[in-house]
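**Student:** Contents are PDB, C-alpha atoms; file name target_3.pdb:
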```
ATOM      1  CA  MET A   1     -28.610 -45.138   5.285
ATOM      2  CA  GLU A   2     -31.005 -43.192   3.159
ATOM      3  CA  PRO A   3     -29.474 -41.349   0.219
ATOM      4  CA  GLN A   4     -29.352 -37.591   0.560
ATOM      5  CA  GLN A   5     -32.147 -35.805  -1.169
ATOM      6  CA  LYS A   6     -31.022 -33.710  -4.118
ATOM      7  CA  ILE A   7     -32.258 -30.176  -3.818
ATOM      8  CA  SER A   8     -32.822 -28.201  -6.984
ATOM      9  CA  VAL A   9     -31.609 -24.615  -6.947
ATOM     10  CA  GLY A  10     -33.508 -21.990  -8.868
ATOM     11  CA  PRO A  11     -32.170 -18.686 -10.239
ATOM     12  CA  LYS A  12     -33.580 -16.790  -7.242
ATOM     13  CA  GLU A  13     -31.622 -18.775  -4.659
ATOM     14  CA  PHE A  14     -28.476 -18.747  -6.776
ATOM     15  CA  PHE A  15     -28.379 -14.983  -7.294
ATOM     16  CA  LEU A  16     -29.326 -14.276  -3.676
ATOM     17  CA  HIS A  17     -26.261 -16.221  -2.546
ATOM     18  CA  ILE A  18     -24.099 -14.411  -5.105
ATOM     19  CA  GLY A  19     -25.515 -11.103  -3.866
ATOM     20  CA  ALA A  20     -24.745 -12.042  -0.264
ATOM     21  CA  LEU A  21     -21.147 -12.839  -1.214
ATOM     22  CA  ILE A  22     -20.552  -9.596  -3.122
ATOM     23  CA  THR A  23     -22.169  -7.317  -0.549
ATOM     24  CA  LEU A  24     -20.387  -9.028   2.344
ATOM     25  CA  VAL A  25     -16.930  -8.634   0.766
ATOM     26  CA  ALA A  26     -17.661  -5.005  -0.131
ATOM     27  CA  SER A  27     -18.863  -4.267   3.403
ATOM     28  CA  VAL A  28     -15.835  -5.846   5.079
ATOM     29  CA  ALA A  29     -13.379  -4.055   2.784
ATOM     30  CA  SER A  30     -15.155  -0.710   3.339
ATOM     31  CA  ILE A  31     -15.112  -1.011   7.129
ATOM     32  CA  ILE A  32     -11.404  -1.851   7.117
ATOM     33  CA  THR A  33     -10.665   1.142   4.868
ATOM     34  CA  ILE A  34     -12.575   3.493   7.177
ATOM     35  CA  LEU A  35     -10.959   2.175  10.351
ATOM     36  CA  PHE A  36      -7.470   2.350   8.843
ATOM     37  CA  THR A  37      -7.991   6.009   7.911
ATOM     38  CA  VAL A  38      -9.288   6.883  11.383
ATOM     39  CA  ILE A  39      -6.301   5.161  12.990
ATOM     40  CA  GLU A  40      -3.878   7.038  10.729
ATOM     41  CA  ILE A  41      -5.523  10.336  11.674
ATOM     42  CA  ILE A  42      -5.552   9.609  15.418
ATOM     43  CA  LEU A  43      -1.929   8.447  15.332
ATOM     44  CA  PRO A  44      -0.296  10.595  12.633
ATOM     45  CA  ASP A  45       3.090   9.681  11.217
ATOM     46  CA  VAL A  46       5.536  12.399  10.169
ATOM     47  CA  LEU A  47       6.358  10.275   7.119
ATOM     48  CA  ASN A  48       2.833  10.844   5.795
ATOM     49  CA  THR A  49       2.726  14.252   4.119
ATOM     50  CA  TYR A  50      -0.529  14.057   2.204
ATOM     51  CA  TYR A  51      -4.029  13.155   3.357
ATOM     52  CA  GLY A  52      -6.156  13.918   0.319
ATOM     53  CA  TYR A  53      -5.900  10.484  -1.299
ATOM     54  CA  GLN A  54      -6.987   8.809   1.930
ATOM     55  CA  PHE A  55     -10.091  10.938   2.230
ATOM     56  CA  SER A  56     -11.115  10.167  -1.327
ATOM     57  CA  GLY A  57     -10.852   6.430  -0.739
ATOM     58  CA  THR A  58     -12.516   6.666   2.659
ATOM     59  CA  ARG A  59     -15.495   8.616   1.342
ATOM     60  CA  PHE A  60     -15.943   6.029  -1.382
ATOM     61  CA  ALA A  61     -15.826   3.346   1.317
ATOM     62  CA  LEU A  62     -18.464   5.238   3.307
ATOM     63  CA  ALA A  63     -20.743   5.475   0.282
ATOM     64  CA  THR A  64     -20.220   1.767  -0.443
ATOM     65  CA  LEU A  65     -20.893   0.700   3.136
ATOM     66  CA  ILE A  66     -24.063   2.792   3.464
ATOM     67  CA  THR A  67     -25.360   1.260   0.237
ATOM     68  CA  VAL A  68     -24.345  -2.400   0.318
ATOM     69  CA  PHE A  69     -24.542  -3.389   3.986
ATOM     70  CA  PRO A  70     -28.340  -2.989   4.279
ATOM     71  CA  ALA A  71     -28.654  -5.136   1.149
ATOM     72  CA  TYR A  72     -26.390  -7.795   2.637
ATOM     73  CA  TYR A  73     -28.181  -7.709   5.986
ATOM     74  CA  TYR A  74     -31.621  -8.329   4.502
ATOM     75  CA  ILE A  75     -30.380 -10.941   2.014
ATOM     76  CA  ALA A  76     -28.596 -12.854   4.795
ATOM     77  CA  ARG A  77     -31.643 -12.655   7.055
ATOM     78  CA  TYR A  78     -33.919 -13.903   4.283
ATOM     79  CA  LEU A  79     -31.629 -16.842   3.519
ATOM     80  CA  ARG A  80     -31.361 -17.709   7.197
ATOM     81  CA  GLN A  81     -35.138 -17.679   7.606
ATOM     82  CA  GLU A  82     -35.518 -19.842   4.533
ATOM     83  CA  ARG A  83     -33.066 -22.360   5.924
ATOM     84  CA  GLU A  84     -34.804 -22.446   9.310
ATOM     85  CA  ALA A  85     -38.133 -23.050   7.573
ATOM     86  CA  HIS A  86     -36.682 -25.584   5.122
ATOM     87  CA  PRO A  87     -33.663 -27.396   6.667
ATOM     88  CA  GLU A  88     -33.210 -29.456   3.517
ATOM     89  CA  VAL A  89     -31.933 -26.309   1.777
ATOM     90  CA  SER A  90     -28.625 -26.884   3.551
ATOM     91  CA  LEU A  91     -28.055 -29.780   1.152
ATOM     92  CA  ALA A  92     -28.145 -27.494  -1.893
ATOM     93  CA  TRP A  93     -24.804 -27.321  -3.678
ATOM     94  CA  VAL A  94     -25.015 -23.567  -4.158
ATOM     95  CA  ARG A  95     -25.234 -23.001  -0.425
ATOM     96  CA  LYS A  96     -22.330 -25.314   0.340
ATOM     97  CA  TRP A  97     -20.078 -23.866  -2.342
ATOM     98  CA  LEU A  98     -20.860 -20.209  -1.740
ATOM     99  CA  THR A  99     -20.631 -20.540   2.030
ATOM    100  CA  GLY A 100     -17.228 -22.127   1.591
ATOM    101  CA  PHE A 101     -16.266 -19.439  -0.902
ATOM    102  CA  ILE A 102     -17.294 -16.701   1.529
ATOM    103  CA  VAL A 103     -15.043 -18.231   4.173
ATOM    104  CA  PHE A 104     -12.251 -18.452   1.577
ATOM    105  CA  VAL A 105     -12.618 -14.817   0.473
ATOM    106  CA  THR A 106     -12.782 -13.661   4.090
ATOM    107  CA  GLY A 107      -9.539 -15.494   4.754
ATOM    108  CA  ALA A 108      -7.982 -13.959   1.621
ATOM    109  CA  VAL A 109      -8.936 -10.478   2.818
ATOM    110  CA  VAL A 110      -7.316 -11.185   6.170
ATOM    111  CA  LEU A 111      -4.180 -12.515   4.493
ATOM    112  CA  GLY A 112      -3.919  -9.503   2.196
ATOM    113  CA  ASP A 113      -4.366  -7.055   5.056
ATOM    114  CA  VAL A 114      -1.846  -8.917   7.208
ATOM    115  CA  VAL A 115       0.703  -8.700   4.383
ATOM    116  CA  SER A 116      -0.001  -4.984   3.994
ATOM    117  CA  LEU A 117       0.254  -4.429   7.737
ATOM    118  CA  LEU A 118       3.512  -6.330   8.039
ATOM    119  CA  TYR A 119       4.965  -4.446   5.077
ATOM    120  CA  GLY A 120       4.101  -1.154   6.754
ATOM    121  CA  PHE A 121       5.548  -2.381  10.035
ATOM    122  CA  VAL A 122       8.894  -3.518   8.585
ATOM    123  CA  ASN A 123       8.939  -0.308   6.522
ATOM    124  CA  GLY A 124       8.941   1.764   9.688
ATOM    125  CA  GLU A 125       5.270   2.295  10.546
ATOM    126  CA  LEU A 126       4.533   3.211  14.159
ATOM    127  CA  THR A 127       4.080   0.149  16.375
ATOM    128  CA  SER A 128       0.898   1.549  17.932
ATOM    129  CA  ARG A 129      -0.676   2.060  14.496
ATOM    130  CA  PHE A 130       0.334  -1.439  13.467
ATOM    131  CA  ALA A 131      -1.271  -2.910  16.593
ATOM    132  CA  LEU A 132      -4.530  -0.979  16.171
ATOM    133  CA  LYS A 133      -4.808  -1.876  12.488
ATOM    134  CA  SER A 134      -4.227  -5.538  13.295
ATOM    135  CA  PHE A 135      -6.959  -5.429  15.923
ATOM    136  CA  ALA A 136      -9.326  -3.675  13.491
ATOM    137  CA  VAL A 137      -8.823  -6.394  10.853
ATOM    138  CA  LEU A 138      -9.342  -9.128  13.436
ATOM    139  CA  LEU A 139     -12.523  -7.500  14.756
ATOM    140  CA  VAL A 140     -14.066  -6.908  11.335
ATOM    141  CA  VAL A 141     -13.274 -10.297   9.822
ATOM    142  CA  VAL A 142     -13.984 -12.537  12.808
ATOM    143  CA  VAL A 143     -17.651 -11.485  12.863
ATOM    144  CA  PRO A 144     -18.640 -12.856   9.427
ATOM    145  CA  PHE A 145     -16.376 -15.867   9.959
ATOM    146  CA  LEU A 146     -18.193 -16.790  13.179
ATOM    147  CA  TYR A 147     -21.557 -16.102  11.565
ATOM    148  CA  TYR A 148     -21.013 -18.581   8.735
ATOM    149  CA  PHE A 149     -19.264 -21.072  10.995
ATOM    150  CA  PHE A 150     -22.262 -21.332  13.315
ATOM    151  CA  GLU A 151     -24.768 -20.818  10.537
ATOM    152  CA  ALA A 152     -23.596 -24.133   9.091
ATOM    153  CA  LYS A 153     -24.802 -25.689  12.371
ATOM    154  CA  ILE A 154     -28.019 -23.725  12.654
ATOM    155  CA  ASP A 155     -29.992 -26.813  13.713
ATOM    156  CA  MET A 156     -28.242 -26.597  17.100
ATOM    157  CA  PRO A 157     -29.901 -24.256  19.691
ATOM    158  CA  ARG A 158     -26.547 -22.781  20.721
ATOM    159  CA  SER A 159     -25.718 -21.878  17.141
ATOM    160  CA  ARG A 160     -29.016 -20.045  16.696
ATOM    161  CA  LYS A 161     -28.340 -17.992  19.808
ATOM    162  CA  ILE A 162     -24.852 -17.012  18.646
ATOM    163  CA  ILE A 163     -26.150 -16.128  15.184
ATOM    164  CA  SER A 164     -28.815 -13.892  16.731
ATOM    165  CA  ILE A 165     -26.152 -12.082  18.780
ATOM    166  CA  ILE A 166     -23.994 -11.545  15.691
ATOM    167  CA  ALA A 167     -27.042 -10.283  13.783
ATOM    168  CA  TYR A 168     -27.441  -7.539  16.416
ATOM    169  CA  VAL A 169     -23.729  -6.777  16.767
ATOM    170  CA  SER A 170     -23.020  -6.379  13.042
ATOM    171  CA  PRO A 171     -25.202  -3.278  12.459
ATOM    172  CA  VAL A 172     -23.645  -1.683  15.556
ATOM    173  CA  ILE A 173     -20.146  -2.179  14.127
ATOM    174  CA  VAL A 174     -21.238  -0.793  10.758
ATOM    175  CA  LEU A 175     -22.997   2.208  12.277
ATOM    176  CA  GLY A 176     -19.996   2.935  14.482
ATOM    177  CA  SER A 177     -17.684   2.785  11.468
ATOM    178  CA  ILE A 178     -19.887   5.202   9.520
ATOM    179  CA  ILE A 179     -19.999   7.657  12.428
ATOM    180  CA  LEU A 180     -16.220   7.475  12.860
ATOM    181  CA  GLY A 181     -15.711   7.964   9.138
ATOM    182  CA  PHE A 182     -17.794  11.126   8.996
ATOM    183  CA  ALA A 183     -16.370  12.392  12.294
ATOM    184  CA  TYR A 184     -12.781  12.264  11.072
ATOM    185  CA  THR A 185     -13.152  13.015   7.356
ATOM    186  CA  GLY A 186     -16.001  15.489   7.659
ATOM    187  CA  LEU A 187     -19.587  15.662   6.507
ATOM    188  CA  PRO A 188     -20.366  16.240   2.802
ATOM    189  CA  GLY A 189     -20.336  20.022   3.296
ATOM    190  CA  THR A 190     -16.915  19.852   4.912
ATOM    191  CA  ALA A 191     -15.620  17.620   2.137
ATOM    192  CA  ARG A 192     -16.749  20.152  -0.482
ATOM    193  CA  ASP A 193     -15.105  23.014   1.432
ATOM    194  CA  LEU A 194     -11.815  21.114   1.618
ATOM    195  CA  ARG A 195     -11.927  20.306  -2.077
ATOM    196  CA  LEU A 196     -12.602  23.935  -2.970
ATOM    197  CA  ASP A 197      -9.755  25.094  -0.725
ATOM    198  CA  GLY A 198      -7.455  22.531  -2.300
ATOM    199  CA  GLU A 199      -8.305  23.745  -5.801
ATOM    200  CA  LYS A 200      -7.579  27.327  -4.777
ATOM    201  CA  VAL A 201      -4.187  26.324  -3.404
ATOM    202  CA  ASN A 202      -3.444  24.514  -6.666
ATOM    203  CA  ASP A 203      -4.354  27.658  -8.609
ATOM    204  CA  LEU A 204      -2.103  29.819  -6.445
ATOM    205  CA  GLN A 205       0.763  27.373  -6.835
ATOM    206  CA  SER A 206       0.435  27.588 -10.613
ATOM    207  CA  ILE A 207       0.306  31.382 -10.497
ATOM    208  CA  GLN A 208       3.376  31.459  -8.271
ATOM    209  CA  TRP A 209       5.219  29.331 -10.805
ATOM    210  CA  ARG A 210       4.344  31.853 -13.527
ATOM    211  CA  ILE A 211       5.581  34.709 -11.340
ATOM    212  CA  THR A 212       8.941  33.043 -10.641
ATOM    213  CA  ASP A 213       9.298  32.299 -14.358
ATOM    214  CA  PHE A 214       8.598  35.989 -15.086
ATOM    215  CA  TYR A 215      11.244  37.004 -12.543
ATOM    216  CA  THR A 216      13.947  34.803 -14.091
ATOM    217  CA  ASN A 217      13.321  36.512 -17.439
ATOM    218  CA  LYS A 218      12.715  40.122 -16.311
ATOM    219  CA  GLY A 219      14.677  40.443 -13.058
ATOM    220  CA  SER A 220      11.614  41.630 -11.168
ATOM    221  CA  VAL A 221       8.231  40.245 -10.237
ATOM    222  CA  PRO A 222       5.269  41.540 -12.279
ATOM    223  CA  THR A 223       3.362  44.625 -11.250
ATOM    224  CA  ASN A 224       0.068  42.807 -11.742
ATOM    225  CA  LEU A 225      -1.102  39.390 -12.901
ATOM    226  CA  ALA A 226      -2.015  40.714 -16.330
ATOM    227  CA  GLU A 227       1.700  40.645 -17.154
ATOM    228  CA  VAL A 228       1.845  36.868 -16.732
ATOM    229  CA  THR A 229      -1.483  36.154 -18.379
ATOM    230  CA  ASP A 230      -1.261  35.098 -21.993
ATOM    231  CA  ASN A 231      -2.737  32.535 -24.347
ATOM    232  CA  LEU A 232       0.100  30.103 -23.702
ATOM    233  CA  ASN A 233      -0.918  29.332 -20.088
ATOM    234  CA  GLY A 234      -4.538  28.441 -20.643
ATOM    235  CA  GLY A 235      -4.249  25.652 -18.058
ATOM    236  CA  ILE A 236      -3.727  28.178 -15.267
ATOM    237  CA  ASN A 237      -6.772  29.620 -13.548
ATOM    238  CA  PHE A 238      -6.297  33.231 -12.407
ATOM    239  CA  LYS A 239      -9.810  33.502 -10.958
ATOM    240  CA  ASP A 240     -11.426  31.969  -7.904
ATOM    241  CA  ARG A 241     -13.545  29.204  -9.457
ATOM    242  CA  GLU A 242     -16.103  29.556  -6.674
ATOM    243  CA  THR A 243     -16.729  33.326  -6.850
ATOM    244  CA  GLY A 244     -15.365  34.148 -10.302
ATOM    245  CA  GLU A 245     -13.276  36.978  -8.833
ATOM    246  CA  PRO A 246      -9.558  37.280  -9.708
ATOM    247  CA  TYR A 247      -7.102  36.126  -7.064
ATOM    248  CA  ALA A 248      -5.553  39.043  -5.209
ATOM    249  CA  TYR A 249      -1.926  39.828  -6.032
ATOM    250  CA  VAL A 250       0.267  42.564  -4.532
ATOM    251  CA  LYS A 251       3.867  43.335  -5.500
ATOM    252  CA  THR A 252       5.775  44.173  -2.309
ATOM    253  CA  GLY A 253       9.296  44.440  -3.778
ATOM    254  CA  ASP A 254      11.406  43.541  -6.782
ATOM    255  CA  LYS A 255      11.621  39.974  -5.465
ATOM    256  CA  ALA A 256       8.600  39.861  -3.130
ATOM    257  CA  PHE A 257       4.832  39.574  -3.548
ATOM    258  CA  LYS A 258       1.599  38.411  -1.941
ATOM    259  CA  LEU A 259      -1.017  36.005  -3.264
ATOM    260  CA  CYS A 260      -4.398  35.992  -1.543
ATOM    261  CA  ALA A 261      -7.583  33.911  -1.636
ATOM    262  CA  VAL A 262     -10.670  33.289   0.486
ATOM    263  CA  PHE A 263     -10.711  29.856   2.151
ATOM    264  CA  HIS A 264     -13.414  27.909   3.978
ATOM    265  CA  ARG A 265     -11.342  25.886   6.426
ATOM    266  CA  VAL A 266      -8.237  26.210   8.581
ATOM    267  CA  THR A 267      -5.356  23.975   7.531
ATOM    268  CA  ASP A 268      -2.919  24.351  10.400
ATOM    269  CA  LYS A 269      -1.870  21.318  12.376
ATOM    270  CA  ASP A 270      -4.217  22.129  15.260
ATOM    271  CA  ALA A 271      -7.305  22.334  13.032
ATOM    272  CA  SER A 272     -10.415  20.270  13.745
ATOM    273  CA  TYR A 273     -10.003  18.537  10.391
ATOM    274  CA  PRO A 274      -6.701  17.151   9.090
ATOM    275  CA  ILE A 275      -5.000  19.302   6.536
ATOM    276  CA  THR A 276      -5.014  18.408   2.863
ATOM    277  CA  ASN A 277      -1.340  19.125   2.381
ATOM    278  CA  THR A 278       1.131  19.281   5.247
ATOM    279  CA  ASN A 279       3.502  21.512   3.286
ATOM    280  CA  ASP A 280       3.758  24.426   5.743
ATOM    281  CA  THR A 281       4.263  26.976   2.960
ATOM    282  CA  TRP A 282       0.635  26.503   1.880
ATOM    283  CA  THR A 283      -1.157  26.112   5.223
ATOM    284  CA  HIS A 284      -3.787  28.807   5.688
ATOM    285  CA  GLY A 285      -6.536  30.112   7.924
ATOM    286  CA  ALA A 286     -10.239  30.443   7.227
ATOM    287  CA  GLY A 287     -11.469  33.534   5.381
ATOM    288  CA  GLU A 288      -9.183  35.795   3.355
ATOM    289  CA  TYR A 289      -5.602  34.682   3.686
ATOM    290  CA  CYS A 290      -2.437  35.969   2.006
ATOM    291  CA  PHE A 291       0.769  34.081   1.289
ATOM    292  CA  ASP A 292       3.899  36.260   1.543
ATOM    293  CA  ARG A 293       6.553  35.168  -0.884
ATOM    294  CA  THR A 294      10.159  36.256  -1.502
ATOM    295  CA  ILE A 295      11.943  34.708  -4.461
ATOM    296  CA  ASN A 296      15.042  32.709  -3.624
ATOM    297  CA  THR A 297      17.555  33.978  -6.172
ATOM    298  CA  ALA A 298      19.758  30.924  -5.630
ATOM    299  CA  LEU A 299      16.955  28.709  -6.899
ATOM    300  CA  TYR A 300      15.605  31.170  -9.458
ATOM    301  CA  PRO A 301      18.506  33.223 -10.856
ATOM    302  CA  VAL A 302      17.857  35.846 -13.496
ATOM    303  CA  THR A 303      18.563  34.416 -16.920
ATOM    304  CA  PRO A 304      20.069  36.926 -19.381
ATOM    305  CA  VAL A 305      17.998  37.318 -22.505
ATOM    306  CA  MET A 306      19.980  36.612 -25.666
ATOM    307  CA  LYS A 307      19.544  39.332 -28.271
ATOM    308  CA  VAL A 308      19.647  38.358 -31.915
ATOM    309  CA  GLN A 309      21.554  40.863 -34.045
ATOM    310  CA  SER A 310      20.166  41.647 -37.443
ATOM    311  CA  VAL A 311      22.292  40.845 -40.467
ATOM    312  CA  GLN A 312      23.416  43.952 -42.330
TER
END
```
Rewrite the coordinates I just gave you, this time as structure tokens.

**Tutor:**
Amino acid sequence: MEPQQKISVGPKEFFLHIGALITLVASVASIITILFTVIEIILPDVLNTYYGYQFSGTRFALATLITVFPAYYYIARYLRQEREAHPEVSLAWVRKWLTGFIVFVTGAVVLGDVVSLLYGFVNGELTSRFALKSFAVLLVVVVPFLYYFFEAKIDMPRSRKIISIIAYVSPVIVLGSIILGFAYTGLPGTARDLRLDGEKVNDLQSIQWRITDFYTNKGSVPTNLAEVTDNLNGGINFKDRETGEPYAYVKTGDKAFKLCAVFHRVTDKDASYPITNTNDTWTHGAGEYCFDRTINTALYPVTPVMKVQSVQ
């Protein structure tokens, strides 16, 4: 038996394999993140009360997938063509080790997601969501696993055919994931509108806190917002950061008031886009919308002001 020929590996081949590994892992993780978010939106759970954090992570996954998958696709195609043209490359240690490492990392991703899925399931997650997430992980991970499994046997005609099929299927899966991601989290313009609306709600919540604090000290809500504006609450924004106009405030009684702002999107439960915060007290329509508030005296009782008597 002839001894195996030792193949030298240059920096180019080494870093191309490293690049393939990094971009593949990033692509797989991004697709899973997107699909999980879509599933959670399609099958909402009453235990989930906040969507904002999911959208932030999903949009990052979208940006990552759009960037890294084309790089992975062309690197993998180049390496495959090089191996077909030079079969002896399969003997290179870098290819053997990194191919094995890719299979290992893919398995680790599957294991981690399975643990996460099972934790959610035993913690009360909906069975239908658990089943769909499990299928999504299986679909996303089995593709690269099969690719590298048959790519190790590329000298066989059947393996080349299967690899070619996977090479066509992979971009379809990625493109479908990107379309789903934008369809359910919104295009960039929608994302900006939702962020602006969320900031306005945060501002109004802070203003409302100042008003209730004023009531507990004075026994009545302020006549206007100037009465609760001072140098000690510099962290509170009393103006719409988009238009620069002050938020509208109307006193409707000693314990009642209205706070108004102009919003871009509807945030009720039947809206086209999921709401940022499912707290019904802050859901709103598009355009100018006012929140009617009446202070609950049981939660915010008037606190008597202690007077300090002067010493004679």

**Student:** From the options A:Leu259, A:Val174, A:Val114, A:Leu16, which residue's atoms come nearest to Gln205 in chain A, counting all atoms listed in the file?

**Tutor:**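 Distance minimum relative to Gln205 in chain A lands on A:Leu259.
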
**Student:** Counting all atoms listed in the file, note down every residue that has an atom within 9 Å of the point (-18.8, 1.1, 0.4) (file coordinates), as a list in words.

**Tutor:**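 All residues meeting the 9 Å criterion around (-18.8, 1.1, 0.4) are Ala26, Ser27, Val28, Ala29, Ser30, Ile31, Thr58, Arg59, Phe60, Ala61, Leu62, Ala63, Thr64, Leu65, Ile66, Thr67, Val68 and Phe69 of chain A.
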
**Student:** Keeping only C-alpha atoms, take the residues you just selected and write them out as a PDB file, in the coordinates of the input.

**Tutor:**
```pdb
ATOM      1  CA  ALA A  26     -17.661  -5.005  -0.131  1.00  0.00           C
ATOM      2  CA  SER A  27     -18.863  -4.267   3.403  1.00  0.00           C
ATOM      3  CA  VAL A  28     -15.835  -5.846   5.079  1.00  0.00           C
ATOM      4  CA  ALA A  29     -13.379  -4.055   2.784  1.00  0.00           C
ATOM      5  CA  SER A  30     -15.155  -0.710   3.339  1.00  0.00           C
ATOM      6  CA  ILE A  31     -15.112  -1.011   7.129  1.00  0.00           C
ATOM      7  CA  THR A  58     -12.516   6.666   2.659  1.00  0.00           C
ATOM      8  CA  ARG A  59     -15.495   8.616   1.342  1.00  0.00           C
ATOM      9  CA  PHE A  60     -15.943   6.029  -1.382  1.00  0.00           C
ATOM     10  CA  ALA A  61     -15.826   3.346   1.317  1.00  0.00           C
ATOM     11  CA  LEU A  62     -18.464   5.238   3.307  1.00  0.00           C
ATOM     12  CA  ALA A  63     -20.743   5.475   0.282  1.00  0.00           C
ATOM     13  CA  THR A  64     -20.220   1.767  -0.443  1.00  0.00           C
ATOM     14  CA  LEU A  65     -20.893   0.700   3.136  1.00  0.00           C
ATOM     15  CA  ILE A  66     -24.063   2.792   3.464  1.00  0.00           C
ATOM     16  CA  THR A  67     -25.360   1.260   0.237  1.00  0.00           C
ATOM     17  CA  VAL A  68     -24.345  -2.400   0.318  1.00  0.00           C
ATOM     18  CA  PHE A  69     -24.542  -3.389   3.986  1.00  0.00           C
TER      19      PHE A  69
END
```

**Student:** Can you pull out the residues contacting Phe36 in chain A? Cut-off 9 Å, using only C-alpha atoms, and skip same-chain residues under 5 positions away; I want them as a PDB file with C-alpha atoms, keeping the file's coordinate frame.

**Tutor:**
```
ATOM      1  CA  ILE A  31     -15.112  -1.011   7.129  1.00  0.00           C
ATOM      2  CA  ILE A  41      -5.523  10.336  11.674  1.00  0.00           C
ATOM      3  CA  ARG A 129      -0.676   2.060  14.496  1.00  0.00           C
ATOM      4  CA  LEU A 132      -4.530  -0.979  16.171  1.00  0.00           C
ATOM      5  CA  LYS A 133      -4.808  -1.876  12.488  1.00  0.00           C
ATOM      6  CA  ALA A 136      -9.326  -3.675  13.491  1.00  0.00           C
TER       7      ALA A 136
END
```

**Student:** Report as a PyMOL selection string the full result of the PyMOL selection byres ((chain A and resi 243-255) around 12) when it is applied to this structure.

**Tutor:** chain A and resi 196+200-201+203-208+211-216+218-229+236-242+256-263+288-297+300-302

**Student:** Using only C-alpha atoms, which residue out of A:Phe15, A:Ile179, A:Thr185, A:Pro144 lies closest to Phe104 in chain A?

**Tutor:**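 Comparing A:Phe15, A:Ile179, A:Thr185, A:Pro144 against Phe104 in chain A, the winner is A:Pro144.
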
**Student:** Using only C-alpha atoms, which residue out of A:Gly198, A:Gln81, A:Tyr73, A:Thr127 lies closest to Leu43 in chain A?

**Tutor:**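 Under the stated criterion, the closest residue is A:Thr127.
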
**Student:** As a PDB file, keeping the file's coordinate frame, please: range 215-230 of chain A completed to N, CA and C atoms.

**Tutor:**
```pdb
ATOM      1  N   TYR A 215      10.083  36.377 -13.208  1.00  0.00           N
ATOM      2  CA  TYR A 215      11.244  37.004 -12.543  1.00  0.00           C
ATOM      3  C   TYR A 215      12.554  36.559 -13.195  1.00  0.00           C
ATOM      4  N   THR A 216      12.689  35.277 -13.504  1.00  0.00           N
ATOM      5  CA  THR A 216      13.947  34.803 -14.091  1.00  0.00           C
ATOM      6  C   THR A 216      14.208  35.434 -15.455  1.00  0.00           C
ATOM      7  N   ASN A 217      13.161  35.881 -16.126  1.00  0.00           N
ATOM      8  CA  ASN A 217      13.321  36.512 -17.439  1.00  0.00           C
ATOM      9  C   ASN A 217      13.453  38.031 -17.364  1.00  0.00           C
ATOM     10  N   LYS A 218      12.778  38.658 -16.376  1.00  0.00           N
ATOM     11  CA  LYS A 218      12.715  40.122 -16.311  1.00  0.00           C
ATOM     12  C   LYS A 218      13.563  40.716 -15.191  1.00  0.00           C
ATOM     13  N   GLY A 219      13.911  39.915 -14.178  1.00  0.00           N
ATOM     14  CA  GLY A 219      14.677  40.443 -13.058  1.00  0.00           C
ATOM     15  C   GLY A 219      13.836  41.123 -12.009  1.00  0.00           C
ATOM     16  N   SER A 220      12.534  41.039 -12.141  1.00  0.00           N
ATOM     17  CA  SER A 220      11.614  41.630 -11.168  1.00  0.00           C
ATOM     18  C   SER A 220      10.280  40.913 -11.286  1.00  0.00           C
ATOM     19  N   VAL A 221       9.553  40.867 -10.179  1.00  0.00           N
ATOM     20  CA  VAL A 221       8.231  40.245 -10.237  1.00  0.00           C
ATOM     21  C   VAL A 221       7.272  41.181 -10.963  1.00  0.00           C
ATOM     22  N   PRO A 222       6.195  40.683 -11.527  1.00  0.00           N
ATOM     23  CA  PRO A 222       5.269  41.540 -12.279  1.00  0.00           C
ATOM     24  C   PRO A 222       4.543  42.531 -11.390  1.00  0.00           C
ATOM     25  N   THR A 223       4.140  43.615 -11.993  1.00  0.00           N
ATOM     26  CA  THR A 223       3.362  44.625 -11.250  1.00  0.00           C
ATOM     27  C   THR A 223       1.959  44.124 -10.977  1.00  0.00           C
ATOM     28  N   ASN A 224       1.394  43.392 -11.915  1.00  0.00           N
ATOM     29  CA  ASN A 224       0.068  42.807 -11.742  1.00  0.00           C
ATOM     30  C   ASN A 224       0.029  41.485 -12.516  1.00  0.00           C
ATOM     31  N   LEU A 225      -1.025  40.711 -12.284  1.00  0.00           N
ATOM     32  CA  LEU A 225      -1.102  39.390 -12.901  1.00  0.00           C
ATOM     33  C   LEU A 225      -1.357  39.446 -14.396  1.00  0.00           C
ATOM     34  N   ALA A 226      -1.794  40.593 -14.888  1.00  0.00           N
ATOM     35  CA  ALA A 226      -2.015  40.714 -16.330  1.00  0.00           C
ATOM     36  C   ALA A 226      -0.721  40.505 -17.106  1.00  0.00           C
ATOM     37  N   GLU A 227       0.405  40.794 -16.475  1.00  0.00           N
ATOM     38  CA  GLU A 227       1.700  40.645 -17.154  1.00  0.00           C
ATOM     39  C   GLU A 227       2.100  39.187 -17.338  1.00  0.00           C
ATOM     40  N   VAL A 228       1.509  38.292 -16.582  1.00  0.00           N
ATOM     41  CA  VAL A 228       1.845  36.868 -16.732  1.00  0.00           C
ATOM     42  C   VAL A 228       0.679  36.087 -17.317  1.00  0.00           C
ATOM     43  N   THR A 229      -0.322  36.800 -17.781  1.00  0.00           N
ATOM     44  CA  THR A 229      -1.483  36.154 -18.379  1.00  0.00           C
ATOM     45  C   THR A 229      -1.370  36.236 -19.888  1.00  0.00           C
ATOM     46  N   ASP A 230      -1.296  35.123 -20.529  1.00  0.00           N
ATOM     47  CA  ASP A 230      -1.261  35.098 -21.993  1.00  0.00           C
ATOM     48  C   ASP A 230      -1.933  33.831 -22.473  1.00  0.00           C
TER      49      ASP A 230
END
```
